[in-house]
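upload07.pdb follows (PDB, C-alpha atoms):
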ATOM      1  CA  MET D   1    -206.506  36.437  42.263  1.00  0.00           C
ATOM      2  CA  GLN D   2    -204.705  37.610  39.146  1.00  0.00           C
ATOM      3  CA  VAL D   3    -204.443  34.999  36.368  1.00  0.00           C
ATOM      4  CA  GLU D   4    -204.153  34.568  32.612  1.00  0.00           C
ATOM      5  CA  VAL D   5    -207.098  33.351  30.569  1.00  0.00           C
ATOM      6  CA  LEU D   6    -207.144  31.528  27.226  1.00  0.00           C
ATOM      7  CA  THR D   7    -210.071  32.443  25.003  1.00  0.00           C
ATOM      8  CA  ASP D   8    -211.589  30.629  22.019  1.00  0.00           C
ATOM      9  CA  GLU D   9    -213.259  33.758  20.672  1.00  0.00           C
ATOM     10  CA  ASP D  10    -212.755  34.344  16.937  1.00  0.00           C
ATOM     11  CA  GLY D  11    -209.759  36.576  16.258  1.00  0.00           C
ATOM     12  CA  LEU D  12    -208.383  36.030  19.763  1.00  0.00           C
ATOM     13  CA  LYS D  13    -207.946  32.256  19.692  1.00  0.00           C
ATOM     14  CA  GLY D  14    -204.658  31.111  21.179  1.00  0.00           C
ATOM     15  CA  ALA D  15    -203.877  34.291  23.136  1.00  0.00           C
ATOM     16  CA  TRP D  16    -203.573  34.574  26.909  1.00  0.00           C
ATOM     17  CA  PHE D  17    -205.120  37.651  28.570  1.00  0.00           C
ATOM     18  CA  ALA D  18    -204.543  39.038  32.066  1.00  0.00           C
ATOM     19  CA  ALA D  19    -207.619  38.788  34.270  1.00  0.00           C
ATOM     20  CA  THR D  20    -208.821  38.645  37.849  1.00  0.00           C
ATOM     21  CA  ILE D  21    -210.957  35.826  39.207  1.00  0.00           C
ATOM     22  CA  ILE D  22    -214.078  37.408  40.717  1.00  0.00           C
ATOM     23  CA  GLU D  23    -215.862  34.291  42.010  1.00  0.00           C
ATOM     24  CA  PRO D  24    -216.632  30.625  41.275  1.00  0.00           C
ATOM     25  CA  SER D  25    -219.504  30.185  38.818  1.00  0.00           C
ATOM     26  CA  GLY D  26    -220.642  26.571  38.830  1.00  0.00           C
ATOM     27  CA  GLU D  27    -218.615  23.408  38.537  1.00  0.00           C
ATOM     28  CA  ASP D  28    -215.076  24.064  37.227  1.00  0.00           C
ATOM     29  CA  LYS D  29    -215.994  27.563  36.020  1.00  0.00           C
ATOM     30  CA  TYR D  30    -215.148  31.055  37.234  1.00  0.00           C
ATOM     31  CA  LEU D  31    -216.380  34.570  36.635  1.00  0.00           C
ATOM     32  CA  ILE D  32    -213.354  36.597  35.568  1.00  0.00           C
ATOM     33  CA  GLU D  33    -212.751  40.245  34.716  1.00  0.00           C
ATOM     34  CA  TYR D  34    -210.164  41.036  32.061  1.00  0.00           C
ATOM     35  CA  LEU D  35    -207.540  43.653  32.932  1.00  0.00           C
ATOM     36  CA  SER D  36    -207.229  44.976  29.368  1.00  0.00           C
ATOM     37  CA  LEU D  37    -210.312  43.927  27.370  1.00  0.00           C
ATOM     38  CA  ARG D  38    -213.341  46.246  27.582  1.00  0.00           C
ATOM     39  CA  ASN D  39    -217.026  45.671  26.876  1.00  0.00           C
ATOM     40  CA  ASP D  40    -218.577  46.720  23.552  1.00  0.00           C
ATOM     41  CA  ASP D  41    -219.506  50.231  24.694  1.00  0.00           C
ATOM     42  CA  ASP D  42    -216.113  50.692  26.438  1.00  0.00           C
ATOM     43  CA  THR D  43    -217.721  51.536  29.799  1.00  0.00           C
ATOM     44  CA  GLU D  44    -216.104  48.802  31.889  1.00  0.00           C
ATOM     45  CA  PHE D  45    -213.742  45.860  31.737  1.00  0.00           C
ATOM     46  CA  LEU D  46    -215.196  42.753  30.134  1.00  0.00           C
ATOM     47  CA  ARG D  47    -216.449  40.013  32.457  1.00  0.00           C
ATOM     48  CA  GLU D  48    -217.001  36.443  31.364  1.00  0.00           C
ATOM     49  CA  VAL D  49    -217.465  32.935  32.763  1.00  0.00           C
ATOM     50  CA  ILE D  50    -214.445  30.777  31.865  1.00  0.00           C
ATOM     51  CA  ARG D  51    -213.787  27.069  32.331  1.00  0.00           C
ATOM     52  CA  ALA D  52    -211.041  26.264  34.832  1.00  0.00           C
ATOM     53  CA  CYS D  53    -208.985  24.455  32.155  1.00  0.00           C
ATOM     54  CA  ASN D  54    -208.592  27.831  30.352  1.00  0.00           C
ATOM     55  CA  ILE D  55    -207.203  29.613  33.421  1.00  0.00           C
ATOM     56  CA  ARG D  56    -203.616  29.544  34.639  1.00  0.00           C
ATOM     57  CA  PRO D  57    -201.523  31.544  37.113  1.00  0.00           C
ATOM     58  CA  CYS D  58    -199.493  34.430  35.709  1.00  0.00           C
ATOM     59  CA  PRO D  59    -196.117  33.040  34.631  1.00  0.00           C
ATOM     60  CA  PRO D  60    -193.018  33.996  36.609  1.00  0.00           C
ATOM     61  CA  GLU D  61    -190.831  36.639  35.027  1.00  0.00           C
ATOM     62  CA  ILE D  62    -187.711  35.328  33.320  1.00  0.00           C
ATOM     63  CA  ILE D  63    -185.045  37.962  32.757  1.00  0.00           C
ATOM     64  CA  VAL D  64    -183.543  37.714  29.263  1.00  0.00           C
ATOM     65  CA  VAL D  65    -180.014  39.095  29.520  1.00  0.00           C
ATOM     66  CA  ASP D  66    -178.476  38.308  26.130  1.00  0.00           C
ATOM     67  CA  GLY D  67    -181.605  38.634  24.006  1.00  0.00           C
ATOM     68  CA  PHE D  68    -183.429  35.952  22.064  1.00  0.00           C
ATOM     69  CA  LYS D  69    -182.088  33.646  19.366  1.00  0.00           C
ATOM     70  CA  VAL D  70    -183.689  32.306  16.200  1.00  0.00           C
ATOM     71  CA  TRP D  71    -186.132  29.467  17.011  1.00  0.00           C
ATOM     72  CA  ASP D  72    -186.641  30.590  20.628  1.00  0.00           C
ATOM     73  CA  ALA D  73    -190.276  30.118  21.665  1.00  0.00           C
ATOM     74  CA  VAL D  74    -191.710  33.413  22.907  1.00  0.00           C
ATOM     75  CA  ASP D  75    -194.943  35.088  23.925  1.00  0.00           C
ATOM     76  CA  ALA D  76    -195.455  38.416  22.156  1.00  0.00           C
ATOM     77  CA  TYR D  77    -197.676  41.116  23.667  1.00  0.00           C
ATOM     78  CA  CYS D  78    -200.053  42.253  20.948  1.00  0.00           C
ATOM     79  CA  ASN D  79    -203.716  43.330  20.888  1.00  0.00           C
ATOM     80  CA  GLU D  80    -203.914  43.287  24.702  1.00  0.00           C
ATOM     81  CA  GLY D  81    -202.812  39.648  25.034  1.00  0.00           C
ATOM     82  CA  TRP D  82    -199.847  37.277  24.895  1.00  0.00           C
ATOM     83  CA  TRP D  83    -199.559  35.296  21.638  1.00  0.00           C
ATOM     84  CA  VAL D  84    -197.280  32.255  21.231  1.00  0.00           C
ATOM     85  CA  GLY D  85    -194.674  32.561  18.490  1.00  0.00           C
ATOM     86  CA  VAL D  86    -191.126  31.702  17.465  1.00  0.00           C
ATOM     87  CA  ILE D  87    -188.227  34.068  16.805  1.00  0.00           C
ATOM     88  CA  ALA D  88    -187.758  33.990  13.022  1.00  0.00           C
ATOM     89  CA  LYS D  89    -185.098  36.683  12.704  1.00  0.00           C
ATOM     90  CA  VAL D  90    -182.916  38.790  15.007  1.00  0.00           C
ATOM     91  CA  LEU D  91    -182.994  42.442  13.909  1.00  0.00           C
ATOM     92  CA  ILE D  92    -181.118  45.498  15.195  1.00  0.00           C
ATOM     93  CA  ASN D  93    -181.875  47.549  18.340  1.00  0.00           C
ATOM     94  CA  SER D  94    -183.374  44.634  20.303  1.00  0.00           C
ATOM     95  CA  ASN D  95    -186.047  44.012  17.668  1.00  0.00           C
ATOM     96  CA  TYR D  96    -187.145  40.584  16.499  1.00  0.00           C
ATOM     97  CA  GLU D  97    -189.290  39.151  13.754  1.00  0.00           C
ATOM     98  CA  VAL D  98    -191.730  36.728  15.360  1.00  0.00           C
ATOM     99  CA  ASN D  99    -193.481  34.003  13.399  1.00  0.00           C
ATOM    100  CA  PHE D 100    -196.963  33.063  14.599  1.00  0.00           C
ATOM    101  CA  ILE D 101    -197.126  29.576  13.157  1.00  0.00           C
ATOM    102  CA  GLU D 102    -200.828  29.049  13.869  1.00  0.00           C
ATOM    103  CA  TYR D 103    -201.686  32.144  11.805  1.00  0.00           C
ATOM    104  CA  ASP D 104    -198.837  31.931   9.252  1.00  0.00           C
ATOM    105  CA  GLU D 105    -197.953  35.541  10.036  1.00  0.00           C
ATOM    106  CA  LYS D 106    -194.729  37.377  10.909  1.00  0.00           C
ATOM    107  CA  THR D 107    -194.558  40.621  12.889  1.00  0.00           C
ATOM    108  CA  THR D 108    -191.720  42.720  14.321  1.00  0.00           C
ATOM    109  CA  PHE D 109    -191.512  43.265  18.092  1.00  0.00           C
ATOM    110  CA  ASN D 110    -189.146  44.997  20.469  1.00  0.00           C
ATOM    111  CA  GLN D 111    -187.675  42.805  23.203  1.00  0.00           C
ATOM    112  CA  ALA D 112    -189.742  44.755  25.768  1.00  0.00           C
ATOM    113  CA  ASP D 113    -192.904  43.207  24.267  1.00  0.00           C
ATOM    114  CA  LEU D 114    -191.581  39.633  24.360  1.00  0.00           C
ATOM    115  CA  ARG D 115    -191.185  37.065  27.094  1.00  0.00           C
ATOM    116  CA  PRO D 116    -189.851  33.499  26.998  1.00  0.00           C
ATOM    117  CA  HIS D 117    -192.714  31.085  26.379  1.00  0.00           C
ATOM    118  CA  GLN D 118    -193.669  28.887  29.323  1.00  0.00           C
ATOM    119  CA  ASP D 119    -196.279  26.144  29.585  1.00  0.00           C
ATOM    120  CA  TRP D 120    -198.350  25.439  32.701  1.00  0.00           C
ATOM    121  CA  LEU D 121    -198.207  21.632  33.017  1.00  0.00           C
ATOM    122  CA  ASN D 122    -199.312  19.588  36.017  1.00  0.00           C
ATOM    123  CA  GLY D 123    -199.187  22.603  38.310  1.00  0.00           C
ATOM    124  CA  LYS D 124    -195.668  23.698  37.279  1.00  0.00           C
ATOM    125  CA  TRP D 125    -194.180  26.152  34.793  1.00  0.00           C
ATOM    126  CA  VAL D 126    -192.117  24.463  32.085  1.00  0.00           C
ATOM    127  CA  VAL D 127    -189.888  26.171  29.524  1.00  0.00           C
ATOM    128  CA  PRO D 128    -190.056  24.214  26.240  1.00  0.00           C
TER
END
Represent the supplied structure as structure tokens.
Amino acid sequence: MQVEVLTDEDGLKGAWFAATIIEPSGEDKYLIEYLSLRNDDDTEFLREVIRACNIRPCPPEIIVVDGFKVWDAVDAYCNEGWWVGVIAKVLINSNYEVNFIEYDEKTTFNQADLRPHQDWLNGKWVVP
């Protein structure tokens, strides 16, 4: 089953990464294999045991027709994962400046690397 996984690892905290559930691994834990993160010697995809509360289904795709607006909550694809941010500025050519509040950092992204932010709450996807 393909899912997204939240990690608390330093430097990756707060990002959601695509993964596949391999098998249950104890009470409320699962062995997962990341789809983009590799092991230290880059020979295979990283596997790790993750608590169920840090696993969610992949969010449904929301088509953004007219682009994003300032203050829209988005997920930005960066460093192999989806990071939660807010549109700080609309630039030209479908580019946006995204503010990552948790890290007090702003970075420019093309619309192709952004998706509307959604939260998985009580078994349902919610757009804030």
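Atom pair atom CA of D:Tyr77 / atom CA of D:Lys29: separated by 25.9 Å.
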Decode the PyMOL selection byres ((chain D and resi 113) around 9) for the given file into explicit residues and return them as a short mmCIF file (atom, residue, chain, number, x, y, z; two decimals) with C-alpha atoms, in the coordinates of the input.
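The new file result-v8.cif reads:
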data_model
loop_
_atom_site.label_atom_id
_atom_site.label_comp_id
_atom_site.auth_asym_id
_atom_site.auth_seq_id
_atom_site.Cartn_x
_atom_site.Cartn_y
_atom_site.Cartn_z
CA ASP D 75 -194.94 35.09 23.92
CA ALA D 76 -195.46 38.42 22.16
CA TYR D 77 -197.68 41.12 23.67
CA CYS D 78 -200.05 42.25 20.95
CA PHE D 109 -191.51 43.26 18.09
CA ASN D 110 -189.15 45.00 20.47
CA GLN D 111 -187.68 42.80 23.20
CA ALA D 112 -189.74 44.76 25.77
CA LEU D 114 -191.58 39.63 24.36
CA ARG D 115 -191.18 37.06 27.09
#
Enter the distance from atom CA of D:Gln118 to atom CA of D:Ala19, in Å, rounded to one decimal.
->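 Computed distance, atom CA of D:Gln118 to atom CA of D:Ala19, equals 17.8 Å.
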Of the residues D:Val127, D:Val64, D:Leu6, D:Val90, which is the one nearest to D:Thr107, using only C-alpha atoms?
->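 Checking each candidate against D:Thr107, we get D:Val90 as the closest.
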For D:Val3, which of D:Thr43, D:Ile55, D:Ile50, D:Arg38 is the closest residue, counting all atoms listed in the file?
-> D:Ile55
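Taking atom CA of D:Tyr96 as the reference point, atom CA of D:Phe68 is found at 8.1 Å.
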Residue neighbourhood D:Leu46, 12 Å, only C-alpha atoms, exclusion window fewer than 3 positions, as a list in words |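 Skipping anything fewer than 3 positions along the chain leaves Phe17, Ala18, Ala19, Thr20, Ile22, Leu31, Ile32, Glu33, Tyr34, Leu35, Ser36, Leu37, Arg38, Asn39, Asp40, Asp41, Asp42, Thr43 and Val49 of chain D.
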Is it possible to add all heavy atoms to stretch 15-26 of chain D and hand it back as a short mmCIF file (atom, residue, chain, number, x, y, z; two decimals), keeping the file's coordinate frame?
data_model
loop_
_atom_site.label_atom_id
_atom_site.label_comp_id
_atom_site.auth_asym_id
_atom_site.auth_seq_id
_atom_site.Cartn_x
_atom_site.Cartn_y
_atom_site.Cartn_z
N ALA D 15 -204.56 33.25 22.35
CA ALA D 15 -203.88 34.29 23.14
C ALA D 15 -204.28 34.18 24.60
O ALA D 15 -205.39 33.78 24.94
CB ALA D 15 -204.24 35.67 22.60
N TRP D 16 -203.34 34.54 25.47
CA TRP D 16 -203.57 34.57 26.91
C TRP D 16 -203.74 36.02 27.33
O TRP D 16 -202.94 36.88 26.97
CB TRP D 16 -202.41 33.94 27.65
CG TRP D 16 -202.32 32.46 27.48
CD1 TRP D 16 -201.61 31.78 26.53
CD2 TRP D 16 -202.99 31.47 28.25
NE1 TRP D 16 -201.80 30.43 26.68
CE2 TRP D 16 -202.64 30.21 27.73
CE3 TRP D 16 -203.86 31.52 29.35
CZ2 TRP D 16 -203.11 29.02 28.27
CZ3 TRP D 16 -204.33 30.33 29.89
CH2 TRP D 16 -203.95 29.10 29.35
N PHE D 17 -204.80 36.30 28.13
CA PHE D 17 -205.12 37.65 28.57
C PHE D 17 -205.11 37.73 30.09
O PHE D 17 -205.62 36.83 30.77
CB PHE D 17 -206.50 38.06 28.05
CG PHE D 17 -206.56 38.18 26.55
CD1 PHE D 17 -206.88 37.08 25.78
CD2 PHE D 17 -206.25 39.37 25.93
CE1 PHE D 17 -206.92 37.17 24.39
CE2 PHE D 17 -206.29 39.47 24.55
CZ PHE D 17 -206.62 38.38 23.78
N ALA D 18 -204.56 38.82 30.62
CA ALA D 18 -204.54 39.04 32.07
C ALA D 18 -205.96 39.27 32.56
O ALA D 18 -206.75 39.98 31.92
CB ALA D 18 -203.66 40.23 32.41
N ALA D 19 -206.28 38.66 33.70
CA ALA D 19 -207.62 38.79 34.27
C ALA D 19 -207.55 38.58 35.78
O ALA D 19 -206.53 38.16 36.32
CB ALA D 19 -208.56 37.76 33.64
N THR D 20 -208.66 38.89 36.42
CA THR D 20 -208.82 38.65 37.85
C THR D 20 -210.00 37.71 38.04
O THR D 20 -211.05 37.91 37.42
CB THR D 20 -209.09 39.97 38.60
OG1 THR D 20 -208.00 40.85 38.38
CG2 THR D 20 -209.25 39.73 40.09
N ILE D 21 -209.84 36.70 38.88
CA ILE D 21 -210.96 35.83 39.21
C ILE D 21 -211.84 36.57 40.21
O ILE D 21 -211.38 37.00 41.27
CB ILE D 21 -210.49 34.49 39.80
CG1 ILE D 21 -209.73 33.68 38.74
CG2 ILE D 21 -211.68 33.70 40.35
CD1 ILE D 21 -209.18 32.36 39.23
N ILE D 22 -213.12 36.72 39.85
CA ILE D 22 -214.08 37.41 40.72
C ILE D 22 -214.71 36.43 41.69
O ILE D 22 -214.75 36.67 42.90
CB ILE D 22 -215.18 38.11 39.87
CG1 ILE D 22 -214.56 39.06 38.85
CG2 ILE D 22 -216.19 38.82 40.77
CD1 ILE D 22 -213.74 40.19 39.44
N GLU D 23 -215.22 35.28 41.15
CA GLU D 23 -215.86 34.29 42.01
C GLU D 23 -216.09 33.00 41.23
O GLU D 23 -216.13 33.01 40.00
CB GLU D 23 -217.20 34.82 42.53
CG GLU D 23 -218.21 35.09 41.43
CD GLU D 23 -219.47 35.79 41.94
OE1 GLU D 23 -219.46 36.30 43.06
OE2 GLU D 23 -220.45 35.82 41.17
N PRO D 24 -216.25 31.87 41.95
CA PRO D 24 -216.63 30.62 41.28
C PRO D 24 -218.01 30.80 40.63
O PRO D 24 -218.85 31.55 41.12
CB PRO D 24 -216.69 29.59 42.41
CG PRO D 24 -215.91 30.20 43.53
CD PRO D 24 -216.06 31.68 43.39
N SER D 25 -218.23 30.08 39.53
CA SER D 25 -219.50 30.18 38.82
C SER D 25 -219.91 28.80 38.30
O SER D 25 -219.85 28.52 37.12
CB SER D 25 -219.38 31.17 37.66
OG SER D 25 -220.60 31.32 36.98
N GLY D 26 -220.27 27.93 39.22
CA GLY D 26 -220.64 26.57 38.83
C GLY D 26 -219.44 25.65 38.91
O GLY D 26 -218.36 26.03 39.34
#
